[in-house]
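Pasted below: upload10.txt, compact mmCIF, C-alpha atoms.
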```
# COMPACT_ATOMS: atom_id res chain seq x y z
CA MET A 1 -30.11 -51.59 -116.13
CA GLN A 2 -31.96 -54.46 -114.53
CA ARG A 3 -33.41 -52.11 -111.91
CA THR A 4 -34.61 -49.78 -114.68
CA GLN A 5 -36.20 -52.65 -116.56
CA ARG A 6 -37.86 -53.85 -113.37
CA ARG A 7 -39.37 -50.40 -112.79
CA ILE A 8 -40.62 -50.28 -116.37
CA VAL A 9 -42.29 -53.66 -115.93
CA GLN A 10 -43.84 -52.57 -112.60
CA PHE A 11 -45.11 -49.37 -114.15
CA ALA A 12 -46.58 -51.28 -117.08
CA ILE A 13 -48.39 -53.69 -114.75
CA ALA A 14 -49.72 -50.83 -112.60
CA PHE A 15 -50.86 -48.97 -115.68
CA ALA A 16 -52.58 -52.08 -117.02
CA PHE A 17 -54.46 -52.59 -113.74
CA SER A 18 -55.51 -48.93 -113.49
CA SER A 19 -56.61 -48.93 -117.12
CA THR A 20 -58.61 -52.10 -116.59
CA ALA A 21 -60.27 -50.64 -113.48
CA ALA A 22 -61.09 -47.41 -115.34
CA MET A 23 -62.55 -49.37 -118.24
CA THR A 24 -64.61 -51.47 -115.83
CA ASP A 25 -65.95 -48.34 -114.06
CA TYR A 26 -66.77 -46.81 -117.44
CA ALA A 27 -68.54 -49.98 -118.56
CA HIS A 28 -70.61 -50.04 -115.33
CA ALA A 29 -71.51 -46.37 -115.76
CA GLN A 30 -72.59 -46.97 -119.33
CA ALA A 31 -74.63 -50.01 -118.31
CA VAL A 32 -76.42 -48.04 -115.57
CA ASP A 33 -77.10 -45.15 -117.93
CA GLN A 34 -78.54 -47.50 -120.56
CA PHE A 35 -80.68 -49.29 -117.96
CA TYR A 36 -82.32 -46.16 -116.54
CA ARG A 37 -82.74 -44.26 -119.79
CA GLY A 38 -86.43 -44.05 -120.63
CA LYS A 39 -87.48 -45.76 -117.39
CA LYS A 40 -89.38 -44.59 -114.31
CA ILE A 41 -88.20 -44.67 -110.69
CA SER A 42 -91.02 -44.94 -108.16
CA ILE A 43 -90.48 -43.46 -104.70
CA VAL A 44 -92.88 -45.29 -102.41
CA ILE A 45 -93.56 -43.10 -99.37
CA GLY A 46 -94.47 -45.10 -96.28
CA SER A 47 -96.71 -42.37 -94.84
CA SER A 48 -99.83 -40.44 -95.70
CA ALA A 49 -99.82 -37.32 -97.88
CA GLY A 50 -99.00 -33.97 -96.32
CA GLY A 51 -96.78 -35.07 -93.45
CA GLY A 52 -93.07 -34.49 -93.01
CA TYR A 53 -91.94 -37.74 -94.65
CA ASP A 54 -94.16 -37.01 -97.61
CA VAL A 55 -92.90 -33.43 -97.98
CA TYR A 56 -89.24 -34.48 -97.96
CA ALA A 57 -89.78 -37.36 -100.41
CA ARG A 58 -91.70 -35.24 -102.90
CA LEU A 59 -89.04 -32.53 -102.76
CA ILE A 60 -86.33 -35.11 -103.45
CA ALA A 61 -88.37 -36.59 -106.31
CA GLN A 62 -88.35 -33.20 -108.06
CA TYR A 63 -84.54 -33.15 -108.32
CA LEU A 64 -83.43 -36.78 -108.31
CA SER A 65 -84.01 -37.46 -112.01
CA LYS A 66 -81.24 -35.21 -113.32
CA HIS A 67 -78.67 -36.83 -111.03
CA VAL A 68 -79.46 -40.47 -111.91
CA PRO A 69 -77.63 -41.76 -115.02
CA GLY A 70 -80.06 -41.89 -117.92
CA ALA A 71 -82.32 -39.24 -116.32
CA PRO A 72 -85.32 -41.53 -115.62
CA MET A 73 -88.67 -40.06 -114.63
CA VAL A 74 -89.12 -40.04 -110.84
CA VAL A 75 -92.66 -40.44 -109.51
CA PRO A 76 -93.60 -40.34 -105.80
CA SER A 77 -96.64 -42.11 -104.38
CA ASN A 78 -97.95 -42.86 -100.91
CA MET A 79 -98.19 -46.32 -99.38
CA PRO A 80 -98.94 -45.75 -95.68
CA GLY A 81 -99.62 -48.49 -93.17
CA ALA A 82 -98.12 -50.32 -90.17
CA GLY A 83 -95.55 -47.63 -89.48
CA SER A 84 -94.30 -47.82 -93.10
CA ASN A 85 -93.84 -51.59 -92.89
CA VAL A 86 -96.37 -51.93 -95.72
CA ALA A 87 -93.97 -50.01 -97.98
CA ALA A 88 -90.99 -51.97 -96.64
CA ALA A 89 -92.73 -55.27 -97.36
CA TYR A 90 -93.60 -54.06 -100.84
CA ILE A 91 -90.01 -53.34 -101.90
CA ALA A 92 -88.84 -56.60 -100.34
CA ALA A 93 -91.49 -58.94 -101.68
CA SER A 94 -93.52 -57.49 -104.54
CA ALA A 95 -91.74 -54.59 -106.23
CA PRO A 96 -89.19 -55.04 -109.03
CA LYS A 97 -85.69 -55.67 -107.64
CA ASP A 98 -83.94 -53.75 -110.40
CA GLY A 99 -83.44 -50.35 -108.77
CA THR A 100 -86.61 -48.74 -110.11
CA VAL A 101 -88.42 -48.72 -106.75
CA VAL A 102 -87.15 -46.75 -103.73
CA ALA A 103 -88.92 -46.69 -100.36
CA ALA A 104 -89.02 -43.71 -98.01
CA LEU A 105 -89.38 -45.43 -94.64
CA TYR A 106 -90.06 -44.48 -91.05
CA MET A 107 -86.96 -44.99 -88.94
CA GLY A 108 -89.13 -47.07 -86.58
CA ALA A 109 -89.56 -49.69 -89.27
CA VAL A 110 -85.78 -49.90 -89.68
CA VAL A 111 -85.06 -50.58 -85.99
CA GLU A 112 -88.14 -52.73 -85.29
CA PRO A 113 -86.26 -56.06 -85.13
CA LEU A 114 -83.60 -54.52 -82.89
CA PHE A 115 -85.70 -52.54 -80.46
CA TYR A 116 -88.94 -54.52 -80.52
CA GLY A 117 -87.32 -57.93 -80.99
CA LYS A 118 -89.96 -58.39 -83.66
CA THR A 119 -89.31 -60.05 -87.01
CA ARG A 120 -91.58 -60.03 -90.04
CA THR A 121 -91.90 -62.80 -92.58
CA THR A 122 -92.16 -60.27 -95.40
CA HIS A 123 -88.89 -58.41 -94.89
CA ASP A 124 -85.78 -57.74 -92.84
CA PRO A 125 -84.88 -54.02 -92.83
CA ALA A 126 -81.28 -54.80 -91.90
CA GLN A 127 -80.92 -56.49 -95.31
CA PHE A 128 -82.01 -53.51 -97.42
CA ASN A 129 -79.55 -51.46 -99.44
CA TYR A 130 -79.80 -47.91 -98.09
CA ILE A 131 -79.16 -45.14 -100.59
CA GLY A 132 -79.22 -42.23 -98.15
CA ASN A 133 -80.90 -40.29 -95.39
CA ALA A 134 -82.48 -36.90 -96.00
CA ASN A 135 -82.14 -35.36 -92.57
CA THR A 136 -81.03 -35.98 -89.01
CA ASP A 137 -84.11 -35.23 -87.00
CA HIS A 138 -84.20 -33.60 -83.61
CA ASN A 139 -87.61 -34.70 -82.40
CA VAL A 140 -89.68 -32.71 -79.94
CA CYS A 141 -92.72 -32.89 -77.71
CA LEU A 142 -95.10 -29.98 -78.20
CA THR A 143 -98.47 -28.76 -76.99
CA MET A 144 -100.68 -25.80 -77.67
CA ALA A 145 -100.38 -23.10 -75.02
CA SER A 146 -103.96 -23.86 -73.98
CA ALA A 147 -103.03 -27.43 -72.93
CA PRO A 148 -103.21 -28.11 -69.16
CA LEU A 149 -99.50 -29.09 -68.89
CA LYS A 150 -96.98 -26.27 -69.14
CA SER A 151 -93.78 -28.32 -68.81
CA MET A 152 -92.59 -31.88 -69.43
CA ASN A 153 -91.84 -32.29 -65.75
CA GLU A 154 -95.56 -32.01 -65.01
CA ALA A 155 -96.14 -35.25 -66.98
CA PHE A 156 -94.89 -37.19 -63.95
CA ASP A 157 -97.95 -36.02 -62.02
CA LYS A 158 -100.59 -35.08 -64.63
CA GLU A 159 -101.86 -37.01 -67.65
CA LEU A 160 -100.44 -35.86 -70.99
CA LEU A 161 -102.76 -36.86 -73.86
CA LEU A 162 -100.80 -37.28 -77.09
CA GLY A 163 -101.88 -37.93 -80.67
CA ALA A 164 -99.96 -40.51 -82.72
CA SER A 165 -99.93 -42.60 -85.86
CA ALA A 166 -99.32 -46.34 -85.57
CA PRO A 167 -96.59 -48.33 -83.77
CA GLY A 168 -93.45 -48.01 -85.86
CA GLY A 169 -93.98 -44.29 -86.35
CA ALA A 170 -92.00 -41.90 -84.16
CA THR A 171 -95.14 -40.11 -82.89
CA TYR A 172 -96.16 -43.41 -81.29
CA ASP A 173 -92.86 -45.10 -80.45
CA TYR A 174 -91.12 -42.17 -78.79
CA PRO A 175 -93.78 -41.26 -76.21
CA ALA A 176 -94.66 -44.92 -75.58
CA PHE A 177 -91.03 -45.65 -74.83
CA GLU A 178 -90.59 -42.58 -72.62
CA LYS A 179 -93.76 -43.40 -70.73
CA GLU A 180 -92.53 -46.85 -69.74
CA LEU A 181 -88.86 -46.02 -69.16
CA LEU A 182 -89.28 -42.75 -67.29
CA GLY A 183 -92.66 -43.39 -65.68
CA MET A 184 -94.48 -40.41 -67.19
CA LYS A 185 -98.27 -40.28 -67.19
CA ILE A 186 -98.62 -40.30 -70.95
CA LYS A 187 -101.77 -41.51 -72.70
CA ILE A 188 -101.52 -42.10 -76.45
CA VAL A 189 -104.41 -41.76 -78.87
CA SER A 190 -103.15 -43.58 -81.96
CA GLY A 191 -104.52 -44.38 -85.40
CA TYR A 192 -104.05 -41.04 -87.14
CA PRO A 193 -102.75 -41.61 -90.71
CA GLY A 194 -99.76 -39.28 -90.35
CA SER A 195 -98.27 -36.19 -88.70
CA ARG A 196 -100.55 -33.84 -90.64
CA GLU A 197 -103.63 -35.44 -89.10
CA VAL A 198 -102.01 -35.56 -85.65
CA ASN A 199 -101.25 -31.84 -85.83
CA LEU A 200 -104.84 -31.09 -86.80
CA ALA A 201 -105.98 -33.06 -83.75
CA VAL A 202 -103.64 -30.98 -81.56
CA GLU A 203 -104.96 -27.74 -83.07
CA LYS A 204 -108.58 -28.84 -82.52
CA GLY A 205 -107.91 -29.77 -78.90
CA GLU A 206 -108.67 -33.47 -79.43
CA VAL A 207 -105.34 -34.18 -77.73
CA HIS A 208 -102.93 -32.07 -75.69
CA GLY A 209 -99.97 -32.45 -78.00
CA VAL A 210 -97.61 -34.72 -79.91
CA CYS A 211 -94.14 -36.16 -79.33
CA GLY A 212 -91.71 -37.76 -81.77
CA GLN A 213 -92.15 -35.05 -84.37
CA SER A 214 -89.10 -33.51 -86.04
CA TRP A 215 -88.20 -29.92 -85.26
CA GLY A 216 -87.70 -29.34 -88.99
CA GLY A 217 -91.32 -30.22 -89.70
CA VAL A 218 -92.56 -28.33 -86.64
CA ALA A 219 -90.58 -25.22 -87.60
CA ALA A 220 -91.95 -25.34 -91.14
CA GLN A 221 -95.50 -25.35 -89.85
CA TYR A 222 -95.42 -23.69 -86.45
CA GLU A 223 -92.30 -21.51 -86.05
CA PRO A 224 -94.28 -18.21 -85.85
CA LEU A 225 -96.58 -19.84 -83.28
CA VAL A 226 -93.60 -21.11 -81.29
CA LYS A 227 -92.10 -17.62 -81.26
CA SER A 228 -95.42 -16.12 -80.16
CA GLY A 229 -95.90 -18.72 -77.43
CA ALA A 230 -99.07 -20.20 -78.95
CA VAL A 231 -97.21 -23.50 -79.41
CA ARG A 232 -95.05 -24.70 -76.54
CA ILE A 233 -92.05 -27.03 -77.01
CA LEU A 234 -91.84 -29.16 -73.85
CA ALA A 235 -88.73 -31.24 -74.55
CA GLN A 236 -86.24 -32.39 -77.17
CA GLU A 237 -86.05 -36.11 -77.93
CA SER A 238 -82.48 -36.39 -79.18
CA ASN A 239 -78.96 -36.85 -77.84
CA THR A 240 -77.62 -33.38 -78.62
CA GLY A 241 -80.63 -31.19 -79.32
CA HIS A 242 -81.09 -28.68 -82.10
CA GLU A 243 -79.03 -25.49 -81.86
CA THR A 244 -82.12 -23.28 -82.18
CA LEU A 245 -83.93 -25.05 -79.36
CA ASN A 246 -80.80 -25.32 -77.22
CA ALA A 247 -80.49 -21.53 -77.46
CA LEU A 248 -84.08 -21.24 -76.22
CA GLY A 249 -83.29 -23.44 -73.23
CA ILE A 250 -85.59 -26.30 -74.25
CA PRO A 251 -84.58 -29.31 -72.11
CA LEU A 252 -83.50 -32.69 -73.45
CA MET A 253 -85.71 -35.62 -72.50
CA ARG A 254 -82.71 -37.34 -70.93
CA ASP A 255 -82.65 -34.51 -68.38
CA PHE A 256 -85.68 -36.23 -66.84
CA ALA A 257 -83.91 -39.60 -66.46
CA LYS A 258 -83.51 -40.74 -62.87
CA SER A 259 -80.44 -42.95 -63.33
CA GLU A 260 -77.35 -43.36 -65.48
CA TYR A 261 -78.85 -46.58 -66.85
CA GLU A 262 -81.94 -44.71 -68.10
CA LYS A 263 -79.67 -42.13 -69.73
CA GLN A 264 -77.70 -44.87 -71.54
CA VAL A 265 -80.88 -46.55 -72.75
CA LEU A 266 -82.17 -43.22 -74.06
CA LYS A 267 -78.83 -42.57 -75.77
CA ILE A 268 -79.07 -45.79 -77.79
CA PHE A 269 -82.79 -45.30 -78.44
CA TYR A 270 -82.30 -41.75 -79.73
CA GLY A 271 -79.42 -42.99 -81.87
CA GLN A 272 -82.00 -43.87 -84.49
CA SER A 273 -82.54 -40.16 -85.14
CA SER A 274 -79.31 -40.17 -87.17
CA PHE A 275 -81.32 -41.88 -89.91
CA SER A 276 -84.64 -40.16 -89.45
CA ARG A 277 -85.64 -40.18 -93.13
CA PRO A 278 -84.01 -43.23 -94.73
CA TYR A 279 -84.38 -44.26 -98.37
CA ALA A 280 -83.87 -47.89 -99.29
CA VAL A 281 -84.02 -50.41 -102.12
CA ALA A 282 -84.27 -54.19 -102.03
CA LYS A 283 -81.19 -56.25 -101.20
CA GLU A 284 -81.28 -57.86 -104.68
CA VAL A 285 -80.72 -54.59 -106.57
CA PRO A 286 -77.44 -54.86 -108.55
CA ALA A 287 -74.44 -53.24 -106.84
CA ASP A 288 -73.67 -50.83 -109.68
CA ARG A 289 -77.22 -49.43 -109.56
CA VAL A 290 -77.10 -49.14 -105.77
CA ALA A 291 -73.85 -47.19 -106.12
CA ALA A 292 -75.39 -44.96 -108.80
CA LEU A 293 -78.48 -44.27 -106.69
CA ARG A 294 -76.35 -43.45 -103.66
CA LYS A 295 -74.27 -40.99 -105.65
CA ALA A 296 -77.40 -39.48 -107.21
CA PHE A 297 -79.05 -39.14 -103.80
CA MET A 298 -76.18 -37.12 -102.34
CA SER A 299 -75.93 -34.98 -105.49
CA THR A 300 -79.66 -34.32 -105.17
CA MET A 301 -79.33 -33.28 -101.54
CA ARG A 302 -76.56 -30.84 -102.54
CA ASP A 303 -78.50 -29.47 -105.51
CA PRO A 304 -78.79 -25.65 -105.21
CA GLY A 305 -82.38 -25.83 -106.44
CA LEU A 306 -83.36 -28.28 -103.72
CA ALA A 307 -81.53 -26.22 -101.11
CA GLU A 308 -83.45 -23.10 -102.16
CA GLU A 309 -86.78 -24.92 -102.11
CA ALA A 310 -86.00 -26.43 -98.70
CA LYS A 311 -85.17 -22.99 -97.35
CA LYS A 312 -88.49 -21.60 -98.57
CA MET A 313 -90.30 -24.56 -97.00
CA ARG A 314 -88.25 -24.20 -93.77
CA LEU A 315 -87.00 -27.77 -94.08
CA ASP A 316 -83.69 -28.79 -92.53
CA ILE A 317 -81.38 -30.70 -94.85
CA GLU A 318 -78.67 -32.72 -93.11
CA ALA A 319 -78.11 -35.62 -95.50
CA THR A 320 -76.25 -38.85 -94.81
CA SER A 321 -74.76 -40.93 -97.60
CA GLY A 322 -75.96 -44.46 -98.21
CA GLU A 323 -72.56 -45.86 -97.26
CA ASP A 324 -72.48 -43.94 -93.96
CA LEU A 325 -76.10 -44.82 -93.22
CA GLN A 326 -75.40 -48.52 -93.77
CA ALA A 327 -72.43 -48.26 -91.38
CA LYS A 328 -74.50 -46.43 -88.74
CA LEU A 329 -77.11 -49.18 -88.89
CA GLN A 330 -74.47 -51.86 -88.43
CA GLU A 331 -73.10 -49.93 -85.44
CA LEU A 332 -76.55 -49.58 -83.90
CA TYR A 333 -77.31 -53.27 -84.41
CA SER A 334 -74.04 -53.98 -82.57
CA ALA A 335 -75.06 -52.01 -79.45
CA PRO A 336 -74.38 -53.63 -76.04
CA ILE A 337 -76.81 -56.48 -75.36
CA PRO A 338 -77.81 -55.25 -71.85
CA ILE A 339 -78.91 -51.90 -73.31
CA ILE A 340 -80.82 -53.54 -76.17
CA ASP A 341 -82.44 -55.91 -73.67
CA GLY A 342 -83.43 -52.86 -71.64
CA ILE A 343 -85.08 -51.28 -74.66
CA ARG A 344 -86.88 -54.50 -75.55
CA LYS A 345 -88.05 -54.85 -71.96
CA VAL A 346 -89.61 -51.40 -72.11
CA TYR A 347 -91.37 -52.29 -75.36
CA ALA A 348 -92.58 -55.59 -73.92
CA GLU A 349 -94.17 -53.74 -71.01
CA LYS A 350 -95.92 -51.01 -72.97
```
Can you give me the file's structure in the form of structure tokens?
Amino acid sequence: MQRTQRRIVQFAIAFAFSSTAAMTDYAHAQAVDQFYRGKKISIVIGSSAGGGYDVYARLIAQYLSKHVPGAPMVVPSNMPGAGSNVAAAYIAASAPKDGTVVAALYMGAVVEPLFYGKTRTTHDPAQFNYIGNANTDHNVCLTMASAPLKSMNEAFDKELLLGASAPGGATYDYPAFEKELLGMKIKIVSGYPGSREVNLAVEKGEVHGVCGQSWGGVAAQYEPLVKSGAVRILAQESNTGHETLNALGIPLMRDFAKSEYEKQVLKIFYGQSSFSRPYAVAKEVPADRVAALRKAFMSTMRDPGLAEEAKKMRLDIEATSGEDLQAKLQELYSAPIPIIDGIRKVYAEK
């Protein structure tokens, strides 16, 4: 009898706790719904209009509203500058900290303190709340077929002239890093607002090519030209490569490393590609709204309408949840000190 009574009491306590937790979750959901209803969420895109970051962010903005509690209006706008650090500084210092402003950042801005050893007074990207990542990029180096270099291996002996945006953007950081680490004869012409302008420069012959550009964006714009041979993919700048390019026999950049140390440094450096298109809010945003935005982001990335649009636009979608992205960043920031020092040394020399 006593055992039965004890079980009844235990069940009652467990039921009370579960009921309280359910009521708390419900209350949070209601509070989030009430907060966002009738409001506007701004997606601040840290790049110029027309480039890959812009295309992804505007596609997400079309579908995000219906997945956020309260169905707020979602409005994208561009805030390029300093490798998206202008946008990062805005959400950290000036924008409302209530979950109504989301930044679409370059991955370079997220790893700047780690890889560059550079801190900014305006913001610390490691402190942001990340709500998700739109795609895992497999970056590439490409040239037009008319360019003087026909393979990446030739860049050890001949100058490869590459167009780029600003430091902090992948089109600048990737080739600059590879130049110093591997000893390639790369010359970078920087200052283009974004990948759209860099690609126009490549097409006009102002530069030979571009590195640090995602295969998804390249495929969307140039896949017929790649198949015809008018655009040549010289190398893949990732740890595993994209299945399409692997099937074509496109080499990985690490294949050109001359030592195991260089391969390890490249492995950590290319680790940032796992959060190629991160979306973040300020660290002060309330936890229940961060959780709601994370859930809405993943629901958006799984939305059949978005998937159909992405397919038409030839955009790869390989989303990462905000929780997983935050964990990946913590793992990257915990990389072995000798390897991080090696990366910083390369940056200090370039």
Range 38-51 of chain A environment, 8 Å, only C-alpha atoms, sequence neighbours closer than 5 positions dropped, as a PyMOL selection string: chain A and resi 57+61+70-81+83-88+99-106+193-196
Which residues are close to Val265 in chain A, i.e. within 9 Å by only C-alpha atoms, leaving aside same-chain residues fewer than 6 positions away? Reply as a PDB file with C-alpha atoms, keeping the file's coordinate frame.
```
ATOM      1  CA  LEU A 181     -88.860 -46.020 -69.160  1.00  0.00           C
ATOM      2  CA  ILE A 339     -78.910 -51.900 -73.310  1.00  0.00           C
ATOM      3  CA  ILE A 340     -80.820 -53.540 -76.170  1.00  0.00           C
ATOM      4  CA  GLY A 342     -83.430 -52.860 -71.640  1.00  0.00           C
ATOM      5  CA  ILE A 343     -85.080 -51.280 -74.660  1.00  0.00           C
TER       6      ILE A 343
END
```
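Nearest residue to Gly163 in chain A, choosing from A:Thr320, A:Gln264, A:Ser190, A:Ser273 and counting all atoms listed in the file: A:Ser190.
Minimum atom-to-atom distance to Cys211 in chain A, evaluated using all atoms listed in the file, belongs to A:Thr171 out of A:Asn199, A:Ser334, A:Ser238, A:Thr171.
Taking CA of Met253 in chain A as the reference point, CA of Ala126 in chain A is found at 27.6 Å.
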**Study point:** Atomic distance CA of Phe177 in chain A - CA of Leu234 in chain A, expressed in Å with one decimal
**Key:**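 Computing it gives 16.5 Å between the two atoms.
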List as number ranges by chain the protein and nucleic acid residues near Ile188 in chain A, meaning an atom at most 12 Å away when all atoms listed in the file are counted, but skip any in the same chain fewer than 4 places from it. A: 159-167, 171-179, 184, 192, 198, 206-212, 350
Among A:Phe256, A:Met144, A:Ile268, A:Arg232, Val202 in chain A is approached most closely, using all atoms listed in the file, by A:Met144
